[in-house]
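What follows is the content of input26.tsv (TSV, C-alpha atoms).
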```
chain	number	residue	atom	x	y	z
A	275	MET	CA	0.00	0.00	0.00
A	276	THR	CA	2.80	2.39	0.96
A	277	THR	CA	4.80	1.52	-2.14
A	278	PHE	CA	1.74	2.11	-4.36
A	279	ALA	CA	1.10	5.48	-2.74
A	280	HIS	CA	4.68	6.57	-3.25
A	281	ARG	CA	4.56	5.47	-6.88
A	282	THR	CA	1.38	7.46	-7.56
A	283	MET	CA	1.95	10.53	-5.40
A	284	LEU	CA	5.47	11.31	-6.53
A	285	PRO	CA	4.60	11.58	-10.26
A	286	ALA	CA	1.49	13.57	-9.38
A	287	ALA	CA	3.52	15.99	-7.27
A	288	ALA	CA	6.05	16.34	-10.07
A	289	LEU	CA	3.27	17.12	-12.53
A	290	LEU	CA	1.84	19.75	-10.15
A	291	ILE	CA	5.24	21.40	-9.72
A	292	LEU	CA	5.89	21.40	-13.46
A	293	GLY	CA	2.42	22.76	-14.11
A	294	ALA	CA	2.87	25.54	-11.57
A	295	ALA	CA	6.26	26.46	-12.98
A	296	ASP	CA	4.84	26.56	-16.51
A	297	ALA	CA	1.91	28.70	-15.37
A	298	GLY	CA	4.31	31.07	-13.59
A	299	ALA	CA	6.46	31.36	-16.69
A	300	GLN	CA	3.40	32.11	-18.83
A	301	TRP	CA	2.25	34.74	-16.34
A	302	GLN	CA	5.68	36.39	-16.39
A	303	ARG	CA	5.65	36.39	-20.18
A	304	ARG	CA	2.21	38.02	-20.17
A	305	TYR	CA	2.95	40.46	-17.34
A	306	GLU	CA	3.47	44.12	-18.22
A	307	PRO	CA	3.70	47.02	-15.75
A	308	VAL	CA	0.48	49.03	-15.69
A	309	GLY	CA	2.10	52.34	-14.72
A	310	GLN	CA	5.33	54.29	-14.65
A	311	VAL	CA	6.52	57.34	-12.70
A	312	ARG	CA	9.07	59.51	-14.51
A	313	PHE	CA	11.37	62.34	-13.40
A	314	ARG	CA	13.20	64.43	-15.98
A	315	LEU	CA	15.55	67.43	-16.14
A	316	GLY	CA	17.00	69.28	-19.09
A	317	ILE	CA	17.15	72.48	-21.14
A	318	PHE	CA	14.35	74.57	-22.63
A	319	GLU	CA	14.96	77.32	-25.21
A	320	PRO	CA	12.15	79.73	-26.19
A	321	ALA	CA	11.55	79.96	-29.93
A	322	GLY	CA	10.93	83.70	-29.66
A	323	GLY	CA	9.14	83.93	-32.99
A	324	SER	CA	6.63	86.73	-32.46
A	325	GLY	CA	6.28	90.49	-32.61
A	326	GLY	CA	5.82	90.61	-28.86
A	327	TRP	CA	9.32	89.27	-28.26
A	328	ASP	CA	10.69	91.77	-30.81
A	329	ARG	CA	9.13	94.62	-28.84
A	330	VAL	CA	10.43	93.32	-25.49
A	331	PHE	CA	14.04	93.28	-26.72
A	332	GLU	CA	13.79	96.20	-29.15
A	333	GLY	CA	16.77	98.53	-28.61
A	334	PHE	CA	18.44	96.14	-26.15
A	335	THR	CA	21.33	93.69	-26.50
A	336	GLY	CA	19.42	90.54	-25.46
A	337	SER	CA	17.27	88.07	-27.37
A	338	PRO	CA	14.79	85.29	-26.49
A	339	SER	CA	17.46	82.64	-27.10
A	340	ASP	CA	19.39	84.08	-24.13
A	341	LEU	CA	16.56	82.82	-21.90
A	342	LYS	CA	17.61	79.20	-22.43
A	343	ASP	CA	17.66	77.51	-19.02
A	344	LEU	CA	16.73	74.44	-16.96
A	345	VAL	CA	13.36	72.73	-17.20
A	346	GLY	CA	12.18	69.94	-14.92
A	347	GLY	CA	9.14	67.70	-14.85
A	348	THR	CA	7.34	64.84	-13.14
A	349	GLU	CA	5.04	62.49	-15.05
A	350	PHE	CA	2.84	59.46	-14.67
A	351	LEU	CA	2.38	56.99	-17.53
A	352	TRP	CA	-0.76	54.83	-17.51
A	353	ARG	CA	-0.37	51.97	-19.97
A	354	THR	CA	-3.37	51.27	-22.18
A	355	GLY	CA	-1.64	48.45	-24.09
A	356	ARG	CA	1.67	46.63	-24.46
A	357	ARG	CA	3.09	49.55	-26.44
A	358	SER	CA	0.74	52.50	-25.85
A	359	GLY	CA	-0.22	54.65	-22.91
A	360	VAL	CA	-1.41	58.04	-21.65
A	361	LEU	CA	1.19	60.32	-20.11
A	362	PHE	CA	0.11	62.92	-17.52
A	363	GLY	CA	2.69	65.50	-16.53
A	364	PHE	CA	3.74	68.72	-14.83
A	365	SER	CA	6.79	70.79	-15.76
A	366	TYR	CA	8.42	74.07	-14.70
A	367	TYR	CA	10.90	76.33	-16.46
A	368	SER	CA	12.44	79.68	-15.50
A	369	GLY	CA	14.98	81.58	-17.57
A	370	ALA	CA	16.58	85.00	-17.17
A	371	THR	CA	19.00	87.23	-19.05
A	372	THR	CA	20.52	90.65	-18.41
A	373	SER	CA	20.68	93.15	-21.25
A	374	SER	CA	21.56	96.79	-21.79
A	375	TYR	CA	20.68	99.53	-24.28
A	376	GLU	CA	22.35	99.11	-27.64
A	377	ASP	CA	22.88	102.82	-28.33
A	378	TRP	CA	22.56	104.57	-24.97
A	379	VAL	CA	24.50	104.75	-21.70
A	380	ALA	CA	24.07	106.57	-18.40
A	381	GLY	CA	25.46	110.07	-17.84
A	382	ASP	CA	28.63	108.62	-16.31
A	383	GLY	CA	29.17	106.36	-19.34
A	384	SER	CA	28.06	103.13	-17.62
A	385	GLU	CA	25.68	100.68	-19.22
A	386	VAL	CA	22.02	100.81	-18.19
A	387	ARG	CA	21.01	97.21	-17.48
A	388	HIS	CA	17.88	95.32	-16.61
A	389	THR	CA	16.98	91.63	-16.24
A	390	THR	CA	14.30	89.88	-18.28
A	391	ARG	CA	12.76	86.81	-16.63
A	392	PHE	CA	10.43	84.31	-18.34
A	393	THR	CA	8.71	81.39	-16.58
A	394	LEU	CA	6.45	78.59	-17.79
A	395	SER	CA	4.58	75.89	-15.91
A	396	ASP	CA	2.08	73.44	-17.34
A	397	LEU	CA	-0.22	70.48	-16.81
A	398	THR	CA	-0.32	68.13	-19.79
A	399	ALA	CA	-1.71	64.88	-21.15
A	400	ALA	CA	-0.26	62.98	-24.11
A	401	TRP	CA	-0.75	59.73	-26.00
A	402	VAL	CA	2.54	57.86	-26.40
A	403	TYR	CA	3.52	54.80	-28.41
A	404	ARG	CA	6.58	52.61	-27.82
A	405	PHE	CA	8.38	50.96	-30.73
A	406	GLY	CA	9.76	47.61	-29.63
A	407	GLU	CA	9.56	45.58	-26.43
A	408	HIS	CA	13.17	44.61	-25.68
A	409	GLY	CA	16.42	46.49	-25.27
A	410	VAL	CA	16.51	50.20	-26.11
A	411	ARG	CA	12.92	51.21	-26.89
A	412	PRO	CA	12.16	54.32	-29.00
A	413	TYR	CA	8.87	56.07	-28.34
A	414	ALA	CA	6.89	59.05	-29.64
A	415	GLY	CA	3.80	60.95	-28.64
A	416	ILE	CA	1.53	63.96	-29.10
A	417	GLY	CA	-0.29	65.91	-26.43
A	418	ALA	CA	-1.87	69.11	-25.18
A	419	GLY	CA	-2.13	71.00	-21.93
A	420	LEU	CA	-2.74	74.16	-19.97
A	421	LEU	CA	0.19	76.58	-19.76
A	422	TRP	CA	0.82	79.38	-17.24
A	423	TRP	CA	3.42	82.01	-18.14
A	424	THR	CA	4.96	85.15	-16.65
A	425	LEU	CA	7.25	87.75	-18.20
A	426	ALA	CA	9.04	90.48	-16.23
A	427	ASP	CA	11.62	93.22	-16.80
A	428	GLU	CA	13.38	94.46	-13.66
A	429	GLY	CA	16.24	96.93	-13.41
A	430	TYR	CA	17.29	100.32	-14.73
A	431	PHE	CA	15.79	102.17	-17.68
A	432	ILE	CA	16.18	105.57	-19.34
A	433	ASP	CA	13.32	108.02	-19.25
A	434	PHE	CA	13.38	109.41	-22.77
A	435	GLY	CA	10.41	111.65	-21.98
A	436	ALA	CA	12.47	113.86	-19.68
A	437	PRO	CA	14.88	116.48	-21.09
A	438	ASN	CA	17.99	115.11	-19.38
A	439	ARG	CA	17.02	111.42	-19.93
A	440	PRO	CA	17.39	110.29	-16.29
A	441	VAL	CA	18.00	106.66	-15.33
A	442	TYR	CA	15.36	105.11	-13.08
A	443	TRP	CA	14.61	101.72	-11.53
A	444	ALA	CA	11.38	99.91	-12.48
A	445	TRP	CA	9.62	96.56	-12.64
A	446	TYR	CA	7.32	95.68	-15.55
A	447	GLY	CA	5.40	92.43	-15.76
A	448	ALA	CA	2.68	90.43	-17.45
A	449	ARG	CA	1.18	86.99	-16.97
A	450	GLY	CA	-1.39	84.77	-18.60
A	451	THR	CA	-2.79	81.31	-19.25
A	452	ALA	CA	-2.91	79.59	-22.63
A	453	PHE	CA	-3.43	76.23	-24.28
A	454	GLU	CA	-0.45	74.36	-25.68
A	455	ALA	CA	0.20	71.46	-28.03
A	456	PHE	CA	3.42	69.46	-28.20
A	457	GLY	CA	5.13	66.49	-29.76
A	458	LEU	CA	7.82	64.29	-28.24
A	459	ILE	CA	10.28	61.57	-29.21
A	460	GLY	CA	12.59	59.63	-26.94
A	461	LEU	CA	14.59	56.53	-26.08
A	462	ASP	CA	13.81	54.41	-23.02
A	463	ILE	CA	16.77	52.30	-21.80
A	464	PRO	CA	15.85	49.53	-19.29
A	465	LEU	CA	18.27	48.89	-16.44
A	466	THR	CA	16.13	46.31	-14.60
A	467	PRO	CA	12.57	45.04	-15.19
A	468	ARG	CA	11.29	48.05	-13.21
A	469	TRP	CA	13.94	50.77	-13.53
A	470	SER	CA	14.99	52.59	-16.69
A	471	VAL	CA	16.63	55.80	-17.88
A	472	PHE	CA	15.54	57.86	-20.85
A	473	VAL	CA	16.42	60.80	-23.07
A	474	GLU	CA	13.69	62.85	-24.72
A	475	GLY	CA	13.14	65.77	-27.06
A	476	ARG	CA	10.00	67.91	-27.22
A	477	TYR	CA	8.66	70.86	-29.14
A	478	ARG	CA	5.98	72.94	-27.44
A	479	TYR	CA	3.65	75.22	-29.40
A	480	GLY	CA	1.59	78.00	-27.82
A	481	SER	CA	0.97	81.75	-27.86
A	482	ASP	CA	-0.92	84.43	-25.98
A	483	GLU	CA	-1.62	88.15	-26.08
A	484	LEU	CA	0.63	90.35	-23.97
A	485	GLY	CA	-1.16	92.50	-21.41
A	486	ASP	CA	-0.61	94.28	-18.10
A	487	ASP	CA	2.57	96.39	-18.32
A	488	PHE	CA	3.30	95.05	-21.82
A	489	SER	CA	-0.15	95.85	-23.19
A	490	GLY	CA	-0.01	96.76	-26.86
A	491	PHE	CA	3.17	94.77	-27.53
A	492	GLY	CA	1.23	92.11	-29.45
A	493	THR	CA	1.49	88.33	-29.25
A	494	ILE	CA	4.07	86.47	-27.18
A	495	ASP	CA	5.31	83.18	-28.60
A	496	LEU	CA	5.29	80.52	-25.88
A	497	SER	CA	6.78	77.86	-28.14
A	498	GLY	CA	10.17	76.30	-27.64
A	499	TYR	CA	12.55	73.36	-27.87
A	500	GLU	CA	13.26	71.04	-24.98
A	501	VAL	CA	15.80	68.26	-24.42
A	502	THR	CA	15.69	66.31	-21.16
A	503	GLY	CA	16.93	63.14	-19.55
A	504	GLY	CA	15.75	61.25	-16.50
A	505	PHE	CA	14.81	57.99	-14.84
A	506	ALA	CA	11.59	56.04	-14.49
A	507	VAL	CA	10.20	53.33	-12.23
A	508	SER	CA	7.48	50.95	-13.44
A	509	PHE	CA	4.95	49.12	-11.31
```
Structure translated into structure tokens:
Amino acid sequence: MTTFAHRTMLPAAALLILGAADAGAQWQRRYEPVGQVRFRLGIFEPAGGSGGWDRVFEGFTGSPSDLKDLVGGTEFLWRTGRRSGVLFGFSYYSGATTSSYEDWVAGDGSEVRHTTRFTLSDLTAAWVYRFGEHGVRPYAGIGAGLLWWTLADEGYFIDFGAPNRPVYWAWYGARGTAFEAFGLIGLDIPLTPRWSVFVEGRYRYGSDELGDDFSGFGTIDLSGYEVTGGFAVSF
């Protein structure tokens, strides 16, 4: 009786173990993370292609390209398929440059300088698609969002309305909210099944009408180029 039990139970146990191992392997082959948290940091450069930007820097040594500076963001990717997903994100950028009059100086011959500061922050959503499932994985996406911007000039200016053209200190500013659209391409490089690093390029498109202290300057171009890198954790 004992011998018969051993002869029947051992093969059955082996079959159960093999079946469980095969089921586990199939589950691992089918398993894909449902979400991913991403952190990125890089450089944003305003395109500066509008009459508003021309008026802001008219007669001064600076340009919108001088506002190139750091941009950072945090994002959450919700996978809708093995290769596709929806990417929700927040980013923040702040750039500044100091410029002076091209053709005028103060009475003592010194340059009259002021600082131009431009900031952007946004909330976005994008559809992304990943090309490939193993190794380095390229991806691309398109999206839209809500964009908050501020523009300020702070420093010394010349009062051309006064006979002796005195130098005075002032702060001028404007802010607004606009819609944006953007496209992105990138490379995701897995380090482990859950951790990866990535590099990404984006182009943001948006514009708004200048108001407040810059009223009458026209449209400000909120577009720009962005290159970032970061890391991501999947779950």
Could you check which of A:Ser481, A:Ser489, A:Ser470, A:Thr451 is closest to A:Gly322, using all atoms listed in the file?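 The answer is A:Ser481, which sits nearest to A:Gly322.
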Nearest to A:Ala448: which of A:Gly333, A:Gly326, A:Gly347, A:Gly359 is it, counting all atoms listed in the file? A:Gly326
With only C-alpha atoms as the atoms that count, which of A:Phe334, A:Tyr366, A:Tyr403, A:Trp327 lies nearest to A:Leu461? A:Tyr403
Name all residues at most 9 Å from stretch 499-509 of chain A (count all atoms listed in the file; drop same-chain ones fewer than 4 positions away) and give them as an NGL selection string. :A and (306-321 or 345-346 or 351 or 462 or 467-478)
Okay, now the selection with C-alpha atoms, as a short mmCIF file (atom, residue, chain, number, x, y, z; two decimals), keeping the file's coordinate frame?
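File again.cif, as written:
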```cif
data_model
loop_
_atom_site.label_atom_id
_atom_site.label_comp_id
_atom_site.auth_asym_id
_atom_site.auth_seq_id
_atom_site.Cartn_x
_atom_site.Cartn_y
_atom_site.Cartn_z
CA GLU A 306 3.47 44.12 -18.22
CA PRO A 307 3.70 47.02 -15.75
CA VAL A 308 0.48 49.03 -15.69
CA GLY A 309 2.10 52.34 -14.72
CA GLN A 310 5.33 54.29 -14.65
CA VAL A 311 6.52 57.34 -12.70
CA ARG A 312 9.07 59.51 -14.51
CA PHE A 313 11.37 62.34 -13.40
CA ARG A 314 13.20 64.43 -15.98
CA LEU A 315 15.55 67.43 -16.14
CA GLY A 316 17.00 69.28 -19.09
CA ILE A 317 17.15 72.48 -21.14
CA PHE A 318 14.35 74.57 -22.63
CA GLU A 319 14.96 77.32 -25.21
CA PRO A 320 12.15 79.73 -26.19
CA ALA A 321 11.55 79.96 -29.93
CA VAL A 345 13.36 72.73 -17.20
CA GLY A 346 12.18 69.94 -14.92
CA LEU A 351 2.38 56.99 -17.53
CA ASP A 462 13.81 54.41 -23.02
CA PRO A 467 12.57 45.04 -15.19
CA ARG A 468 11.29 48.05 -13.21
CA TRP A 469 13.94 50.77 -13.53
CA SER A 470 14.99 52.59 -16.69
CA VAL A 471 16.63 55.80 -17.88
CA PHE A 472 15.54 57.86 -20.85
CA VAL A 473 16.42 60.80 -23.07
CA GLU A 474 13.69 62.85 -24.72
CA GLY A 475 13.14 65.77 -27.06
CA ARG A 476 10.00 67.91 -27.22
CA TYR A 477 8.66 70.86 -29.14
CA ARG A 478 5.98 72.94 -27.44
#
```
Can you list, as a compact mmCIF listing (two decimals) with C-alpha atoms, keeping the file's coordinate frame, every protein, DNA or RNA residue that comes within 12 Å of A:Phe488 when you count all atoms listed in the file, leaving out same-chain residues fewer than 5 positions away?
```txt
# COMPACT_ATOMS: atom_id res chain seq x y z
CA GLY A 326 5.82 90.61 -28.86
CA TRP A 327 9.32 89.27 -28.26
CA ARG A 329 9.13 94.62 -28.84
CA VAL A 330 10.43 93.32 -25.49
CA PHE A 331 14.04 93.28 -26.72
CA THR A 424 4.96 85.15 -16.65
CA LEU A 425 7.25 87.75 -18.20
CA ALA A 426 9.04 90.48 -16.23
CA ASP A 427 11.62 93.22 -16.80
CA TRP A 445 9.62 96.56 -12.64
CA TYR A 446 7.32 95.68 -15.55
CA GLY A 447 5.40 92.43 -15.76
CA ALA A 448 2.68 90.43 -17.45
CA ARG A 449 1.18 86.99 -16.97
CA GLY A 450 -1.39 84.77 -18.60
CA GLU A 483 -1.62 88.15 -26.08
CA THR A 493 1.49 88.33 -29.25
CA ILE A 494 4.07 86.47 -27.18
```
State, in Å with one decimal place, the distance from atom CA of A:Asp382 to atom CA of A:Ala436.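 Distance between the two atoms: 17.3 Å.
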Pairwise distance for atom CA of A:Thr398 and atom CA of A:Arg411, rounded to one decimal in Å: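 Computed distance, atom CA of A:Thr398 to atom CA of A:Arg411, equals 22.6 Å.
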Using the atoms already present, construct N, CA and C atoms for stretch 327-356 of chain A and hand them back as a PDB file, in the coordinates of the input.
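The resulting file, rebuild_16.pdb, is shown below:
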```
ATOM      1  N   TRP A 327       7.927  89.425 -28.675  1.00  0.00           N
ATOM      2  CA  TRP A 327       9.320  89.270 -28.260  1.00  0.00           C
ATOM      3  C   TRP A 327      10.194  90.346 -28.900  1.00  0.00           C
ATOM      4  N   ASP A 328       9.922  90.705 -30.157  1.00  0.00           N
ATOM      5  CA  ASP A 328      10.690  91.770 -30.810  1.00  0.00           C
ATOM      6  C   ASP A 328      10.558  93.081 -30.054  1.00  0.00           C
ATOM      7  N   ARG A 329       9.349  93.377 -29.576  1.00  0.00           N
ATOM      8  CA  ARG A 329       9.130  94.620 -28.840  1.00  0.00           C
ATOM      9  C   ARG A 329       9.819  94.582 -27.479  1.00  0.00           C
ATOM     10  N   VAL A 330       9.801  93.431 -26.813  1.00  0.00           N
ATOM     11  CA  VAL A 330      10.430  93.320 -25.490  1.00  0.00           C
ATOM     12  C   VAL A 330      11.923  93.610 -25.565  1.00  0.00           C
ATOM     13  N   PHE A 331      12.589  93.118 -26.621  1.00  0.00           N
ATOM     14  CA  PHE A 331      14.040  93.280 -26.720  1.00  0.00           C
ATOM     15  C   PHE A 331      14.447  94.394 -27.693  1.00  0.00           C
ATOM     16  N   GLU A 332      13.473  95.135 -28.201  1.00  0.00           N
ATOM     17  CA  GLU A 332      13.790  96.200 -29.150  1.00  0.00           C
ATOM     18  C   GLU A 332      14.681  97.266 -28.507  1.00  0.00           C
ATOM     19  N   GLY A 333      15.829  97.529 -29.114  1.00  0.00           N
ATOM     20  CA  GLY A 333      16.770  98.530 -28.610  1.00  0.00           C
ATOM     21  C   GLY A 333      17.699  98.009 -27.524  1.00  0.00           C
ATOM     22  N   PHE A 334      17.595  96.722 -27.187  1.00  0.00           N
ATOM     23  CA  PHE A 334      18.440  96.140 -26.150  1.00  0.00           C
ATOM     24  C   PHE A 334      19.321  95.027 -26.738  1.00  0.00           C
ATOM     25  N   THR A 335      20.348  94.639 -25.992  1.00  0.00           N
ATOM     26  CA  THR A 335      21.330  93.690 -26.500  1.00  0.00           C
ATOM     27  C   THR A 335      20.870  92.235 -26.431  1.00  0.00           C
ATOM     28  N   GLY A 336      19.833  91.925 -25.658  1.00  0.00           N
ATOM     29  CA  GLY A 336      19.420  90.540 -25.460  1.00  0.00           C
ATOM     30  C   GLY A 336      18.521  90.018 -26.568  1.00  0.00           C
ATOM     31  N   SER A 337      18.181  88.723 -26.437  1.00  0.00           N
ATOM     32  CA  SER A 337      17.270  88.070 -27.370  1.00  0.00           C
ATOM     33  C   SER A 337      16.589  86.910 -26.639  1.00  0.00           C
ATOM     34  N   PRO A 338      15.462  86.409 -27.158  1.00  0.00           N
ATOM     35  CA  PRO A 338      14.790  85.290 -26.490  1.00  0.00           C
ATOM     36  C   PRO A 338      15.673  84.054 -26.319  1.00  0.00           C
ATOM     37  N   SER A 339      16.591  83.816 -27.228  1.00  0.00           N
ATOM     38  CA  SER A 339      17.460  82.640 -27.100  1.00  0.00           C
ATOM     39  C   SER A 339      18.349  82.711 -25.868  1.00  0.00           C
ATOM     40  N   ASP A 340      18.590  83.925 -25.347  1.00  0.00           N
ATOM     41  CA  ASP A 340      19.390  84.080 -24.130  1.00  0.00           C
ATOM     42  C   ASP A 340      18.660  83.571 -22.897  1.00  0.00           C
ATOM     43  N   LEU A 341      17.362  83.304 -23.020  1.00  0.00           N
ATOM     44  CA  LEU A 341      16.560  82.820 -21.900  1.00  0.00           C
ATOM     45  C   LEU A 341      16.630  81.303 -21.745  1.00  0.00           C
ATOM     46  N   LYS A 342      17.451  80.652 -22.529  1.00  0.00           N
ATOM     47  CA  LYS A 342      17.610  79.200 -22.430  1.00  0.00           C
ATOM     48  C   LYS A 342      18.069  78.826 -21.026  1.00  0.00           C
ATOM     49  N   ASP A 343      17.334  77.862 -20.406  1.00  0.00           N
ATOM     50  CA  ASP A 343      17.660  77.510 -19.020  1.00  0.00           C
ATOM     51  C   ASP A 343      17.039  76.155 -18.684  1.00  0.00           C
ATOM     52  N   LEU A 344      17.180  75.760 -17.411  1.00  0.00           N
ATOM     53  CA  LEU A 344      16.730  74.440 -16.960  1.00  0.00           C
ATOM     54  C   LEU A 344      15.216  74.310 -16.974  1.00  0.00           C
ATOM     55  N   VAL A 345      14.766  73.113 -17.310  1.00  0.00           N
ATOM     56  CA  VAL A 345      13.360  72.730 -17.200  1.00  0.00           C
ATOM     57  C   VAL A 345      13.310  71.377 -16.501  1.00  0.00           C
ATOM     58  N   GLY A 346      12.341  71.205 -15.621  1.00  0.00           N
ATOM     59  CA  GLY A 346      12.180  69.940 -14.920  1.00  0.00           C
ATOM     60  C   GLY A 346      10.731  69.501 -14.935  1.00  0.00           C
ATOM     61  N   GLY A 347      10.512  68.194 -14.817  1.00  0.00           N
ATOM     62  CA  GLY A 347       9.140  67.700 -14.850  1.00  0.00           C
ATOM     63  C   GLY A 347       8.973  66.376 -14.139  1.00  0.00           C
ATOM     64  N   THR A 348       7.747  66.103 -13.732  1.00  0.00           N
ATOM     65  CA  THR A 348       7.340  64.840 -13.140  1.00  0.00           C
ATOM     66  C   THR A 348       6.129  64.334 -13.904  1.00  0.00           C
ATOM     67  N   GLU A 349       6.115  63.028 -14.214  1.00  0.00           N
ATOM     68  CA  GLU A 349       5.040  62.490 -15.050  1.00  0.00           C
ATOM     69  C   GLU A 349       4.600  61.116 -14.573  1.00  0.00           C
ATOM     70  N   PHE A 350       3.387  60.775 -14.957  1.00  0.00           N
ATOM     71  CA  PHE A 350       2.840  59.460 -14.670  1.00  0.00           C
ATOM     72  C   PHE A 350       2.310  58.866 -15.978  1.00  0.00           C
ATOM     73  N   LEU A 351       2.804  57.693 -16.319  1.00  0.00           N
ATOM     74  CA  LEU A 351       2.380  56.990 -17.530  1.00  0.00           C
ATOM     75  C   LEU A 351       1.428  55.862 -17.158  1.00  0.00           C
ATOM     76  N   TRP A 352       0.215  55.904 -17.696  1.00  0.00           N
ATOM     77  CA  TRP A 352      -0.760  54.830 -17.510  1.00  0.00           C
ATOM     78  C   TRP A 352      -0.835  54.043 -18.811  1.00  0.00           C
ATOM     79  N   ARG A 353      -0.429  52.768 -18.759  1.00  0.00           N
ATOM     80  CA  ARG A 353      -0.370  51.970 -19.970  1.00  0.00           C
ATOM     81  C   ARG A 353      -1.766  51.497 -20.373  1.00  0.00           C
ATOM     82  N   THR A 354      -2.099  51.730 -21.630  1.00  0.00           N
ATOM     83  CA  THR A 354      -3.370  51.270 -22.180  1.00  0.00           C
ATOM     84  C   THR A 354      -3.194  50.034 -23.065  1.00  0.00           C
ATOM     85  N   GLY A 355      -1.957  49.623 -23.282  1.00  0.00           N
ATOM     86  CA  GLY A 355      -1.640  48.450 -24.090  1.00  0.00           C
ATOM     87  C   GLY A 355      -0.183  48.092 -23.910  1.00  0.00           C
ATOM     88  N   ARG A 356       0.275  47.055 -24.598  1.00  0.00           N
ATOM     89  CA  ARG A 356       1.670  46.630 -24.460  1.00  0.00           C
ATOM     90  C   ARG A 356       2.627  47.728 -24.933  1.00  0.00           C
TER      91      ARG A 356
END
```
